[in-house]
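Note sheet for the following structure.
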Amino acid sequence: MSNKKKIKAKKVNAPAKGSKKTNVWKAKIWPAILFWLKTWISNDYCVEGRKKKWYAPVSIAVLSLVIALIPFMVTSFSETGGAILSSPTYGLNTALTDFSRDLEAKGVDLVVRDGELVNEGTSWDEAYEGNAWRPVYLHSYTHTVVDIPTSETSNSSSIVIEEEPPVAETVTTVDFAVYYLGDDVQYTAQEFALQVVLDRATSGNENYDLKTTSFMVLSKQAYVIYLLPNYDGESNNTVRGSATGEWNTPKLEGLSLGSIAIRDYDGGAYAVSYEENPREYVSLVSATWQKVFDEAAYYTLLINGFTWIGIYAAIFVALTFILGLTVFLMTRGKRNPFNTYTFWDGQKIAYWASFSPAVLAMAASFLIPAWGILFYIFLFGMRVMWMSMKSLRPTYNG
């Protein structure tokens, strides 16, 4: 019988639960995050980033692009067609309310049918003929102007100005006009506004100045509004506000512009009438018009927003590529110690350097929106130029 003793195997403790995840976090994830944080301010770390896998700098470049575009996204996608009825309205809310009431009173029914604004009921031309040089709805108001006449007399030493009794005069002023083109397909709404209304010398109505009065042009397909255009055909033209939209929106199908005077956008009756509370009634009706403008301009503004975002994105992508190419060209030369950097290395260095300029440009763009596109170009370009002069500058000993 063998005298061999059984050898008891030592029990090896299993790794604690979760320790593997902890090791991965300490060994890979946290160092990667720390490296990225250091690239925000350190150009040397951006240069060192050329050694990282391609997906890291590319992800940073894409994130930087999105951040730089945020102010433009906010601006583009927050626009609404009904913003023209936000304060100040320059009397547009009252004028549109009276316009709807007049359509309802005269039986002129402008209705959206199959994506077009058509004239049902009383003819537009019959209801508004003779108001100016063509059938047009004119909204006017009466106010009193007080004039204090003066006369001058002079003697050998001074001029004496004597005031005469004030003279009060009642004046009627047209502050809003609406044109309906109907079957006239010679112009679009925008073309009619610019080429016919604003380019016309006179309206034929002494109370209506074509070039300074707010107006709206309605065609079968679209509408356009100009607030106080102050147009003289020269470079100093100004406009207080403008809006445009199209009727081929499914949500506007069946809408009657005249019915806005008695029903809101959802078809419910207003809580008050004009006779009961004029101010609240005007507020309710203008809110309905605002909703109509929002829906009519929704797709137009959405397409315009994506178009401009695409343009800005293309500019920023081209900028990133050019700055990466700049880094590559700055490291050329036989005696340049950095001439081993490849074109892709230059691109990755630029990608790592893009994040902090994008964040700064985003903040600056919200403060000064008019210069938004310049901030990212300037800040990103300055950082790459500074990096090229400091971290990538060749140094020779002896």
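Chain identifiers are assigned as A, B, and so on, following the order in which chains appear in the structure tokens; residues are numbered from 1 within each chain, and ligands are numbered from 1 in order of appearance.
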
task = Using DSSP on the backbone coordinates, identify the residues of stretch 66-143 of chain A assigned to strand (DSSP E or B); present them as a ChimeraX atom specification.
result = /A:108-113,116-121,137-143

How about saving the chosen residues, N, CA and C atoms kept, as a PDB file, in the first residue's frame?
```pdb
ATOM      1  N   VAL A 108     -67.389  87.510 -49.392  1.00  0.00           N
ATOM      2  CA  VAL A 108     -66.252  87.091 -50.213  1.00  0.00           C
ATOM      3  C   VAL A 108     -65.573  85.929 -49.497  1.00  0.00           C
ATOM      4  N   ASP A 109     -65.643  84.759 -50.096  1.00  0.00           N
ATOM      5  CA  ASP A 109     -65.117  83.569 -49.445  1.00  0.00           C
ATOM      6  C   ASP A 109     -63.837  83.116 -50.146  1.00  0.00           C
ATOM      7  N   LEU A 110     -62.696  83.366 -49.513  1.00  0.00           N
ATOM      8  CA  LEU A 110     -61.409  82.867 -50.001  1.00  0.00           C
ATOM      9  C   LEU A 110     -61.109  81.577 -49.250  1.00  0.00           C
ATOM     10  N   VAL A 111     -61.201  80.445 -49.966  1.00  0.00           N
ATOM     11  CA  VAL A 111     -61.130  79.130 -49.341  1.00  0.00           C
ATOM     12  C   VAL A 111     -59.978  78.329 -49.942  1.00  0.00           C
ATOM     13  N   VAL A 112     -59.305  77.546 -49.093  1.00  0.00           N
ATOM     14  CA  VAL A 112     -58.240  76.660 -49.568  1.00  0.00           C
ATOM     15  C   VAL A 112     -58.875  75.367 -50.060  1.00  0.00           C
ATOM     16  N   ARG A 113     -58.794  75.134 -51.381  1.00  0.00           N
ATOM     17  CA  ARG A 113     -59.324  73.926 -52.008  1.00  0.00           C
ATOM     18  C   ARG A 113     -58.217  73.269 -52.822  1.00  0.00           C
ATOM     19  N   GLU A 116     -55.026  75.212 -53.136  1.00  0.00           N
ATOM     20  CA  GLU A 116     -55.062  76.543 -53.744  1.00  0.00           C
ATOM     21  C   GLU A 116     -56.083  77.423 -53.042  1.00  0.00           C
ATOM     22  N   LEU A 117     -55.802  78.724 -52.991  1.00  0.00           N
ATOM     23  CA  LEU A 117     -56.730  79.683 -52.396  1.00  0.00           C
ATOM     24  C   LEU A 117     -57.653  80.197 -53.490  1.00  0.00           C
ATOM     25  N   VAL A 118     -58.896  79.752 -53.480  1.00  0.00           N
ATOM     26  CA  VAL A 118     -59.848  80.094 -54.540  1.00  0.00           C
ATOM     27  C   VAL A 118     -60.932  81.013 -53.998  1.00  0.00           C
ATOM     28  N   ASN A 119     -61.525  81.780 -54.901  1.00  0.00           N
ATOM     29  CA  ASN A 119     -62.564  82.745 -54.552  1.00  0.00           C
ATOM     30  C   ASN A 119     -63.938  82.106 -54.745  1.00  0.00           C
ATOM     31  N   GLU A 120     -64.625  81.844 -53.632  1.00  0.00           N
ATOM     32  CA  GLU A 120     -65.989  81.339 -53.680  1.00  0.00           C
ATOM     33  C   GLU A 120     -66.924  82.419 -53.145  1.00  0.00           C
ATOM     34  N   GLY A 121     -68.189  82.339 -53.517  1.00  0.00           N
ATOM     35  CA  GLY A 121     -69.133  83.361 -53.069  1.00  0.00           C
ATOM     36  C   GLY A 121     -68.993  84.626 -53.913  1.00  0.00           C
ATOM     37  N   TYR A 137     -58.310  95.349 -51.025  1.00  0.00           N
ATOM     38  CA  TYR A 137     -58.879  95.696 -49.727  1.00  0.00           C
ATOM     39  C   TYR A 137     -57.945  96.687 -49.056  1.00  0.00           C
ATOM     40  N   LEU A 138     -58.515  97.796 -48.564  1.00  0.00           N
ATOM     41  CA  LEU A 138     -57.734  98.820 -47.878  1.00  0.00           C
ATOM     42  C   LEU A 138     -58.258  98.994 -46.459  1.00  0.00           C
ATOM     43  N   HIS A 139     -57.349  98.887 -45.512  1.00  0.00           N
ATOM     44  CA  HIS A 139     -57.703  99.131 -44.112  1.00  0.00           C
ATOM     45  C   HIS A 139     -57.201 100.521 -43.736  1.00  0.00           C
ATOM     46  N   SER A 140     -58.067 101.342 -43.208  1.00  0.00           N
ATOM     47  CA  SER A 140     -57.686 102.717 -42.877  1.00  0.00           C
ATOM     48  C   SER A 140     -58.173 103.080 -41.484  1.00  0.00           C
ATOM     49  N   TYR A 141     -57.622 104.157 -40.980  1.00  0.00           N
ATOM     50  CA  TYR A 141     -58.051 104.690 -39.694  1.00  0.00           C
ATOM     51  C   TYR A 141     -58.016 106.218 -39.768  1.00  0.00           C
ATOM     52  N   THR A 142     -58.812 106.821 -38.919  1.00  0.00           N
ATOM     53  CA  THR A 142     -58.924 108.282 -38.902  1.00  0.00           C
ATOM     54  C   THR A 142     -58.293 108.816 -37.617  1.00  0.00           C
ATOM     55  N   HIS A 143     -57.495 109.857 -37.759  1.00  0.00           N
ATOM     56  CA  HIS A 143     -56.869 110.464 -36.593  1.00  0.00           C
ATOM     57  C   HIS A 143     -56.793 111.968 -36.787  1.00  0.00           C
TER      58      HIS A 143
END
```

DSSP on the backbone: which residues in stretch 302-395 of chain A end up as alpha helix (DSSP H)? Give the answer as an mmCIF file with N, CA, C and O atoms, in the first residue's frame.
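Generated output (part.cif):
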```cif
data_model
loop_
_atom_site.group_PDB
_atom_site.id
_atom_site.type_symbol
_atom_site.label_atom_id
_atom_site.label_comp_id
_atom_site.auth_asym_id
_atom_site.auth_seq_id
_atom_site.Cartn_x
_atom_site.Cartn_y
_atom_site.Cartn_z
ATOM 1 N N LEU A 302 -38.877 74.761 -42.918
ATOM 2 C CA LEU A 302 -38.149 73.525 -42.638
ATOM 3 C C LEU A 302 -37.125 73.241 -43.741
ATOM 4 O O LEU A 302 -35.961 72.927 -43.459
ATOM 5 N N ILE A 303 -37.553 73.389 -44.997
ATOM 6 C CA ILE A 303 -36.640 73.155 -46.115
ATOM 7 C C ILE A 303 -35.517 74.190 -46.115
ATOM 8 O O ILE A 303 -34.339 73.856 -46.308
ATOM 9 N N ASN A 304 -35.888 75.449 -45.883
ATOM 10 C CA ASN A 304 -34.854 76.501 -45.829
ATOM 11 C C ASN A 304 -33.864 76.239 -44.687
ATOM 12 O O ASN A 304 -32.657 76.457 -44.838
ATOM 13 N N GLY A 305 -34.386 75.768 -43.547
ATOM 14 C CA GLY A 305 -33.521 75.481 -42.409
ATOM 15 C C GLY A 305 -32.508 74.389 -42.731
ATOM 16 O O GLY A 305 -31.307 74.548 -42.484
ATOM 17 N N PHE A 306 -32.977 73.285 -43.308
ATOM 18 C CA PHE A 306 -32.065 72.196 -43.661
ATOM 19 C C PHE A 306 -31.077 72.637 -44.745
ATOM 20 O O PHE A 306 -29.913 72.212 -44.742
ATOM 21 N N THR A 307 -31.536 73.489 -45.646
ATOM 22 C CA THR A 307 -30.644 73.971 -46.704
ATOM 23 C C THR A 307 -29.489 74.772 -46.125
ATOM 24 O O THR A 307 -28.321 74.547 -46.453
ATOM 25 N N TRP A 308 -29.813 75.713 -45.238
ATOM 26 C CA TRP A 308 -28.759 76.541 -44.646
ATOM 27 C C TRP A 308 -27.864 75.739 -43.710
ATOM 28 O O TRP A 308 -26.637 75.955 -43.678
ATOM 29 N N ILE A 309 -28.436 74.804 -42.966
ATOM 30 C CA ILE A 309 -27.609 73.953 -42.106
ATOM 31 C C ILE A 309 -26.639 73.132 -42.959
ATOM 32 O O ILE A 309 -25.468 72.957 -42.615
ATOM 33 N N GLY A 310 -27.126 72.636 -44.100
ATOM 34 C CA GLY A 310 -26.251 71.895 -45.001
ATOM 35 C C GLY A 310 -25.125 72.755 -45.544
ATOM 36 O O GLY A 310 -23.978 72.292 -45.670
ATOM 37 N N ILE A 311 -25.428 74.018 -45.859
ATOM 38 C CA ILE A 311 -24.397 74.927 -46.367
ATOM 39 C C ILE A 311 -23.340 75.194 -45.292
ATOM 40 O O ILE A 311 -22.129 75.128 -45.549
ATOM 41 N N TYR A 312 -23.805 75.502 -44.071
ATOM 42 C CA TYR A 312 -22.860 75.756 -42.982
ATOM 43 C C TYR A 312 -22.019 74.513 -42.681
ATOM 44 O O TYR A 312 -20.816 74.614 -42.420
ATOM 45 N N ALA A 313 -22.663 73.325 -42.692
ATOM 46 C CA ALA A 313 -21.930 72.094 -42.415
ATOM 47 C C ALA A 313 -20.856 71.864 -43.481
ATOM 48 O O ALA A 313 -19.729 71.454 -43.157
ATOM 49 N N ALA A 314 -21.190 72.124 -44.738
ATOM 50 C CA ALA A 314 -20.205 71.945 -45.811
ATOM 51 C C ALA A 314 -19.024 72.894 -45.634
ATOM 52 O O ALA A 314 -17.865 72.513 -45.858
ATOM 53 N N ILE A 315 -19.306 74.124 -45.214
ATOM 54 C CA ILE A 315 -18.228 75.097 -44.984
ATOM 55 C C ILE A 315 -17.310 74.622 -43.858
ATOM 56 O O ILE A 315 -16.079 74.667 -43.974
ATOM 57 N N PHE A 316 -17.902 74.136 -42.760
ATOM 58 C CA PHE A 316 -17.094 73.697 -41.614
ATOM 59 C C PHE A 316 -16.315 72.422 -41.923
ATOM 60 O O PHE A 316 -15.188 72.255 -41.447
ATOM 61 N N VAL A 317 -16.907 71.510 -42.695
ATOM 62 C CA VAL A 317 -16.182 70.299 -43.087
ATOM 63 C C VAL A 317 -14.987 70.661 -43.962
ATOM 64 O O VAL A 317 -13.872 70.140 -43.781
ATOM 65 N N ALA A 318 -15.228 71.574 -44.917
ATOM 66 C CA ALA A 318 -14.123 72.017 -45.774
ATOM 67 C C ALA A 318 -13.036 72.709 -44.955
ATOM 68 O O ALA A 318 -11.842 72.523 -45.210
ATOM 69 N N LEU A 319 -13.454 73.504 -43.963
ATOM 70 C CA LEU A 319 -12.487 74.176 -43.092
ATOM 71 C C LEU A 319 -11.622 73.161 -42.355
ATOM 72 O O LEU A 319 -10.388 73.312 -42.292
ATOM 73 N N THR A 320 -12.247 72.119 -41.802
ATOM 74 C CA THR A 320 -11.500 71.091 -41.065
ATOM 75 C C THR A 320 -10.502 70.386 -41.987
ATOM 76 O O THR A 320 -9.342 70.148 -41.610
ATOM 77 N N PHE A 321 -10.943 70.061 -43.181
ATOM 78 C CA PHE A 321 -10.054 69.402 -44.138
ATOM 79 C C PHE A 321 -8.872 70.310 -44.498
ATOM 80 O O PHE A 321 -7.717 69.867 -44.531
ATOM 81 N N ILE A 322 -9.146 71.573 -44.752
ATOM 82 C CA ILE A 322 -8.080 72.514 -45.140
ATOM 83 C C ILE A 322 -7.081 72.708 -44.018
ATOM 84 O O ILE A 322 -5.861 72.760 -44.250
ATOM 85 N N LEU A 323 -7.571 72.808 -42.775
ATOM 86 C CA LEU A 323 -6.649 72.988 -41.652
ATOM 87 C C LEU A 323 -5.811 71.734 -41.408
ATOM 88 O O LEU A 323 -4.644 71.822 -41.024
ATOM 89 N N GLY A 324 -6.388 70.557 -41.642
ATOM 90 C CA GLY A 324 -5.603 69.335 -41.564
ATOM 91 C C GLY A 324 -4.534 69.301 -42.645
ATOM 92 O O GLY A 324 -3.391 68.868 -42.404
ATOM 93 N N LEU A 325 -4.898 69.764 -43.838
ATOM 94 C CA LEU A 325 -3.923 69.865 -44.931
ATOM 95 C C LEU A 325 -2.832 70.874 -44.580
ATOM 96 O O LEU A 325 -1.651 70.669 -44.901
ATOM 97 N N THR A 326 -3.216 71.952 -43.895
ATOM 98 C CA THR A 326 -2.228 72.959 -43.474
ATOM 99 C C THR A 326 -1.196 72.360 -42.530
ATOM 100 O O THR A 326 0.007 72.615 -42.649
ATOM 101 N N VAL A 327 -1.662 71.547 -41.575
ATOM 102 C CA VAL A 327 -0.730 70.886 -40.656
ATOM 103 C C VAL A 327 0.225 69.990 -41.433
ATOM 104 O O VAL A 327 1.448 69.969 -41.171
ATOM 105 N N PHE A 328 -0.297 69.266 -42.394
ATOM 106 C CA PHE A 328 0.548 68.377 -43.199
ATOM 107 C C PHE A 328 1.606 69.167 -43.971
ATOM 108 O O PHE A 328 2.790 68.804 -43.983
ATOM 109 N N LEU A 329 1.190 70.280 -44.583
ATOM 110 C CA LEU A 329 2.133 71.076 -45.375
ATOM 111 C C LEU A 329 3.170 71.757 -44.488
ATOM 112 O O LEU A 329 4.318 71.954 -44.915
ATOM 113 N N MET A 330 2.786 72.141 -43.273
ATOM 114 C CA MET A 330 3.724 72.794 -42.372
ATOM 115 C C MET A 330 4.830 71.850 -41.893
ATOM 116 O O MET A 330 5.863 72.298 -41.409
ATOM 117 N N PHE A 343 -0.268 62.596 -44.423
ATOM 118 C CA PHE A 343 -1.452 63.441 -44.633
ATOM 119 C C PHE A 343 -2.548 63.091 -43.624
ATOM 120 O O PHE A 343 -3.202 63.975 -43.073
ATOM 121 N N TRP A 344 -2.744 61.796 -43.374
ATOM 122 C CA TRP A 344 -3.765 61.368 -42.413
ATOM 123 C C TRP A 344 -3.410 61.798 -41.000
ATOM 124 O O TRP A 344 -4.286 62.132 -40.205
ATOM 125 N N ASP A 345 -2.112 61.824 -40.668
ATOM 126 C CA ASP A 345 -1.691 62.333 -39.362
ATOM 127 C C ASP A 345 -2.095 63.796 -39.195
ATOM 128 O O ASP A 345 -2.562 64.218 -38.122
ATOM 129 N N GLY A 346 -1.892 64.588 -40.264
ATOM 130 C CA GLY A 346 -2.283 66.000 -40.212
ATOM 131 C C GLY A 346 -3.774 66.171 -40.006
ATOM 132 O O GLY A 346 -4.219 67.042 -39.246
ATOM 133 N N GLN A 347 -4.570 65.320 -40.662
ATOM 134 C CA GLN A 347 -6.016 65.385 -40.486
ATOM 135 C C GLN A 347 -6.404 65.036 -39.051
ATOM 136 O O GLN A 347 -7.231 65.724 -38.437
ATOM 137 N N LYS A 348 -5.807 63.995 -38.501
ATOM 138 C CA LYS A 348 -6.158 63.595 -37.132
ATOM 139 C C LYS A 348 -5.760 64.665 -36.115
ATOM 140 O O LYS A 348 -6.497 64.905 -35.145
ATOM 141 N N ILE A 349 -4.637 65.308 -36.325
ATOM 142 C CA ILE A 349 -4.227 66.393 -35.420
ATOM 143 C C ILE A 349 -5.258 67.517 -35.441
ATOM 144 O O ILE A 349 -5.651 68.060 -34.395
ATOM 145 N N ALA A 350 -5.728 67.884 -36.637
ATOM 146 C CA ALA A 350 -6.744 68.940 -36.763
ATOM 147 C C ALA A 350 -8.054 68.505 -36.116
ATOM 148 O O ALA A 350 -8.747 69.320 -35.491
ATOM 149 N N TYR A 351 -8.415 67.232 -36.256
ATOM 150 C CA TYR A 351 -9.659 66.739 -35.665
ATOM 151 C C TYR A 351 -9.622 66.867 -34.139
ATOM 152 O O TYR A 351 -10.591 67.304 -33.518
ATOM 153 N N TRP A 352 -8.478 66.483 -33.546
ATOM 154 C CA TRP A 352 -8.366 66.592 -32.093
ATOM 155 C C TRP A 352 -8.441 68.047 -31.636
ATOM 156 O O TRP A 352 -8.937 68.345 -30.547
ATOM 157 N N ALA A 353 -7.948 68.963 -32.465
ATOM 158 C CA ALA A 353 -7.901 70.380 -32.080
ATOM 159 C C ALA A 353 -9.220 71.107 -32.302
ATOM 160 O O ALA A 353 -9.349 72.283 -31.958
ATOM 161 N N PHE A 355 -12.336 70.599 -31.069
ATOM 162 C CA PHE A 355 -13.419 70.618 -30.081
ATOM 163 C C PHE A 355 -13.536 71.939 -29.333
ATOM 164 O O PHE A 355 -14.617 72.540 -29.277
ATOM 165 N N SER A 356 -12.458 72.410 -28.731
ATOM 166 C CA SER A 356 -12.554 73.644 -27.938
ATOM 167 C C SER A 356 -12.932 74.857 -28.792
ATOM 168 O O SER A 356 -13.735 75.688 -28.337
ATOM 169 N N PRO A 357 -12.426 75.023 -30.033
ATOM 170 C CA PRO A 357 -12.931 76.131 -30.856
ATOM 171 C C PRO A 357 -14.427 76.028 -31.127
ATOM 172 O O PRO A 357 -15.123 77.043 -31.196
ATOM 173 N N ALA A 358 -14.932 74.790 -31.289
ATOM 174 C CA ALA A 358 -16.373 74.608 -31.543
ATOM 175 C C ALA A 358 -17.202 75.056 -30.351
ATOM 176 O O ALA A 358 -18.237 75.719 -30.507
ATOM 177 N N VAL A 359 -16.758 74.718 -29.135
ATOM 178 C CA VAL A 359 -17.498 75.107 -27.929
ATOM 179 C C VAL A 359 -17.482 76.626 -27.762
ATOM 180 O O VAL A 359 -18.520 77.251 -27.477
ATOM 181 N N LEU A 360 -16.310 77.237 -27.947
ATOM 182 C CA LEU A 360 -16.209 78.691 -27.826
ATOM 183 C C LEU A 360 -17.030 79.392 -28.907
ATOM 184 O O LEU A 360 -17.689 80.411 -28.645
ATOM 185 N N ALA A 361 -17.003 78.849 -30.125
ATOM 186 C CA ALA A 361 -17.765 79.451 -31.225
ATOM 187 C C ALA A 361 -19.262 79.344 -30.970
ATOM 188 O O ALA A 361 -20.021 80.267 -31.281
ATOM 189 N N MET A 362 -19.702 78.235 -30.393
ATOM 190 C CA MET A 362 -21.119 78.073 -30.070
ATOM 191 C C MET A 362 -21.574 79.143 -29.082
ATOM 192 O O MET A 362 -22.613 79.800 -29.272
ATOM 193 N N ALA A 363 -20.792 79.341 -28.019
ATOM 194 C CA ALA A 363 -21.150 80.345 -27.011
ATOM 195 C C ALA A 363 -21.156 81.746 -27.611
ATOM 196 O O ALA A 363 -22.073 82.540 -27.368
ATOM 197 N N ALA A 364 -20.138 82.052 -28.419
ATOM 198 C CA ALA A 364 -20.061 83.386 -29.020
ATOM 199 C C ALA A 364 -21.179 83.610 -30.023
ATOM 200 O O ALA A 364 -21.698 84.724 -30.150
ATOM 201 N N SER A 365 -21.590 82.564 -30.732
ATOM 202 C CA SER A 365 -22.655 82.696 -31.738
ATOM 203 C C SER A 365 -24.001 82.997 -31.105
ATOM 204 O O SER A 365 -24.831 83.696 -31.689
ATOM 205 N N PHE A 366 -24.229 82.467 -29.912
ATOM 206 C CA PHE A 366 -25.478 82.788 -29.217
ATOM 207 C C PHE A 366 -25.481 84.246 -28.748
ATOM 208 O O PHE A 366 -26.543 84.878 -28.696
ATOM 209 N N LEU A 367 -24.303 84.766 -28.435
ATOM 210 C CA LEU A 367 -24.218 86.156 -27.987
ATOM 211 C C LEU A 367 -24.320 87.128 -29.157
ATOM 212 O O LEU A 367 -24.997 88.157 -29.060
ATOM 213 N N GLY A 372 -22.042 84.557 -36.378
ATOM 214 C CA GLY A 372 -21.925 83.160 -35.988
ATOM 215 C C GLY A 372 -20.997 82.337 -36.853
ATOM 216 O O GLY A 372 -20.166 81.580 -36.353
ATOM 217 N N ILE A 373 -21.110 82.452 -38.145
ATOM 218 C CA ILE A 373 -20.318 81.609 -39.039
ATOM 219 C C ILE A 373 -18.834 81.957 -38.991
ATOM 220 O O ILE A 373 -17.969 81.138 -39.290
ATOM 221 N N LEU A 374 -18.516 83.183 -38.587
ATOM 222 C CA LEU A 374 -17.112 83.611 -38.559
ATOM 223 C C LEU A 374 -16.379 83.114 -37.323
ATOM 224 O O LEU A 374 -15.151 82.925 -37.366
ATOM 225 N N PHE A 375 -17.091 82.906 -36.218
ATOM 226 C CA PHE A 375 -16.425 82.556 -34.968
ATOM 227 C C PHE A 375 -15.681 81.224 -35.070
ATOM 228 O O PHE A 375 -14.523 81.112 -34.669
ATOM 229 N N TYR A 376 -16.343 80.201 -35.590
ATOM 230 C CA TYR A 376 -15.702 78.887 -35.678
ATOM 231 C C TYR A 376 -14.519 78.923 -36.646
ATOM 232 O O TYR A 376 -13.455 78.349 -36.369
ATOM 233 N N ILE A 377 -14.691 79.604 -37.773
ATOM 234 C CA ILE A 377 -13.599 79.716 -38.742
ATOM 235 C C ILE A 377 -12.395 80.405 -38.110
ATOM 236 O O ILE A 377 -11.252 79.948 -38.237
ATOM 237 N N PHE A 378 -12.647 81.495 -37.410
ATOM 238 C CA PHE A 378 -11.555 82.273 -36.809
ATOM 239 C C PHE A 378 -10.868 81.500 -35.687
ATOM 240 O O PHE A 378 -9.630 81.376 -35.659
ATOM 241 N N LEU A 379 -11.656 80.957 -34.751
ATOM 242 C CA LEU A 379 -11.078 80.297 -33.582
ATOM 243 C C LEU A 379 -10.343 79.010 -33.961
ATOM 244 O O LEU A 379 -9.241 78.744 -33.463
ATOM 245 N N PHE A 380 -10.940 78.219 -34.830
ATOM 246 C CA PHE A 380 -10.307 76.979 -35.268
ATOM 247 C C PHE A 380 -9.020 77.283 -36.043
ATOM 248 O O PHE A 380 -7.973 76.664 -35.822
ATOM 249 N N GLY A 381 -9.095 78.265 -36.933
ATOM 250 C CA GLY A 381 -7.909 78.639 -37.708
ATOM 251 C C GLY A 381 -6.794 79.160 -36.825
ATOM 252 O O GLY A 381 -5.614 78.822 -37.023
ATOM 253 N N MET A 382 -7.147 79.970 -35.821
ATOM 254 C CA MET A 382 -6.128 80.508 -34.919
ATOM 255 C C MET A 382 -5.454 79.401 -34.119
ATOM 256 O O MET A 382 -4.237 79.415 -33.910
ATOM 257 N N ARG A 383 -6.235 78.403 -33.683
ATOM 258 C CA ARG A 383 -5.615 77.345 -32.880
ATOM 259 C C ARG A 383 -4.649 76.505 -33.722
ATOM 260 O O ARG A 383 -3.552 76.154 -33.262
ATOM 261 N N VAL A 384 -5.028 76.186 -34.945
ATOM 262 C CA VAL A 384 -4.142 75.393 -35.794
ATOM 263 C C VAL A 384 -2.884 76.185 -36.152
ATOM 264 O O VAL A 384 -1.774 75.641 -36.175
ATOM 265 N N MET A 385 -3.038 77.475 -36.407
ATOM 266 C CA MET A 385 -1.865 78.296 -36.711
ATOM 267 C C MET A 385 -0.925 78.377 -35.501
ATOM 268 O O MET A 385 0.299 78.296 -35.636
ATOM 269 N N TRP A 386 -1.505 78.537 -34.325
ATOM 270 C CA TRP A 386 -0.693 78.598 -33.103
ATOM 271 C C TRP A 386 0.011 77.257 -32.865
ATOM 272 O O TRP A 386 1.191 77.214 -32.481
ATOM 273 N N MET A 387 -0.685 76.171 -33.101
ATOM 274 C CA MET A 387 -0.096 74.850 -32.963
ATOM 275 C C MET A 387 1.062 74.665 -33.944
ATOM 276 O O MET A 387 2.117 74.109 -33.600
ATOM 277 N N SER A 388 0.879 75.134 -35.166
ATOM 278 C CA SER A 388 1.920 74.982 -36.181
ATOM 279 C C SER A 388 3.179 75.754 -35.816
ATOM 280 O O SER A 388 4.291 75.318 -36.095
ATOM 281 N N MET A 389 2.989 76.901 -35.160
ATOM 282 C CA MET A 389 4.148 77.727 -34.807
ATOM 283 C C MET A 389 4.840 77.277 -33.532
ATOM 284 O O MET A 389 6.035 77.518 -33.359
ATOM 285 N N LYS A 390 4.099 76.639 -32.636
ATOM 286 C CA LYS A 390 4.675 76.251 -31.348
ATOM 287 C C LYS A 390 5.017 74.758 -31.282
ATOM 288 O O LYS A 390 6.167 74.373 -31.133
#
```

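Shortest atom-to-atom contact with A:Tyr274 among A:Lys106, A:Arg134, A:Lys51, A:Arg101: A:Arg101, counting only C-alpha atoms.
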
Contact residues around stretch 242-256 of chain A with only C-alpha atoms at 9 Å, ignoring same-chain residues under 6 positions, as a PyMOL selection string: chain A and resi 81-84+109-117+189-190+220-227+229+265+292-301

Keeping only C-alpha atoms, write the selected residues to a file as an mmCIF file, in the first residue's frame.
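The resulting file, result-v6.cif, is reproduced below:
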```cif
data_model
loop_
_atom_site.group_PDB
_atom_site.id
_atom_site.type_symbol
_atom_site.label_atom_id
_atom_site.label_comp_id
_atom_site.auth_asym_id
_atom_site.auth_seq_id
_atom_site.Cartn_x
_atom_site.Cartn_y
_atom_site.Cartn_z
ATOM 1 C CA GLY A 81 -44.455 81.985 -40.070
ATOM 2 C CA GLY A 82 -46.609 83.585 -37.405
ATOM 3 C CA ALA A 83 -43.688 85.453 -35.843
ATOM 4 C CA ILE A 84 -44.723 88.489 -37.871
ATOM 5 C CA ASP A 109 -65.117 83.569 -49.445
ATOM 6 C CA LEU A 110 -61.409 82.867 -50.001
ATOM 7 C CA VAL A 111 -61.130 79.130 -49.341
ATOM 8 C CA VAL A 112 -58.240 76.660 -49.568
ATOM 9 C CA ARG A 113 -59.324 73.926 -52.008
ATOM 10 C CA ASP A 114 -56.917 71.251 -53.243
ATOM 11 C CA GLY A 115 -53.933 73.286 -52.088
ATOM 12 C CA GLU A 116 -55.062 76.543 -53.744
ATOM 13 C CA LEU A 117 -56.730 79.683 -52.396
ATOM 14 C CA ALA A 189 -47.116 86.527 -54.944
ATOM 15 C CA GLN A 190 -43.474 87.510 -54.355
ATOM 16 C CA LYS A 220 -53.701 80.825 -55.401
ATOM 17 C CA GLN A 221 -50.470 79.126 -54.384
ATOM 18 C CA ALA A 222 -48.919 81.380 -51.728
ATOM 19 C CA TYR A 223 -48.956 84.666 -49.847
ATOM 20 C CA VAL A 224 -46.404 87.317 -48.933
ATOM 21 C CA ILE A 225 -46.585 90.102 -46.323
ATOM 22 C CA TYR A 226 -44.466 93.233 -45.995
ATOM 23 C CA LEU A 227 -44.634 95.472 -42.917
ATOM 24 C CA PRO A 229 -41.504 98.498 -46.464
ATOM 25 C CA TYR A 265 -58.325 77.586 -36.183
ATOM 26 C CA VAL A 292 -52.578 79.859 -40.111
ATOM 27 C CA PHE A 293 -49.261 81.539 -40.925
ATOM 28 C CA ASP A 294 -47.389 78.948 -38.858
ATOM 29 C CA GLU A 295 -48.907 76.060 -40.809
ATOM 30 C CA ALA A 296 -48.565 77.759 -44.202
ATOM 31 C CA ALA A 297 -44.863 78.473 -43.686
ATOM 32 C CA TYR A 298 -43.914 75.268 -41.855
ATOM 33 C CA TYR A 299 -42.547 73.242 -44.774
ATOM 34 C CA THR A 300 -40.945 76.262 -46.426
ATOM 35 C CA LEU A 301 -39.083 77.180 -43.249
#
```

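Rounded to one decimal, atom CA of A:Thr97 and atom CA of A:Tyr187 lie 26.7 Å from each other.
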
Nearest to A:Asn43, restricted to only C-alpha atoms and choosing among A:Phe176, A:Pro278, A:Ser354, A:Gly268, comes out as A:Ser354

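Note that the spacing between atom CA of A:Gly204 and atom CA of A:Ala132 amounts to 5.5 Å.
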
List the spatial neighbours of A:Ala201 as a compact mmCIF listing (two decimals) with C-alpha atoms, in the first residue's frame - criterion: any atom at most 10 Å away, only C-alpha atoms, same-chain residues fewer than 4 positions off excluded.
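Result went into part_36.txt, see below:
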```
# COMPACT_ATOMS: atom_id res chain seq x y z
CA VAL A 196 -45.78 95.61 -59.28
CA VAL A 197 -46.68 97.02 -55.87
CA ASP A 209 -48.71 105.34 -50.29
CA LEU A 210 -47.66 102.14 -52.07
CA LYS A 211 -44.03 102.34 -51.01
CA ASP A 232 -37.62 103.79 -52.76
```
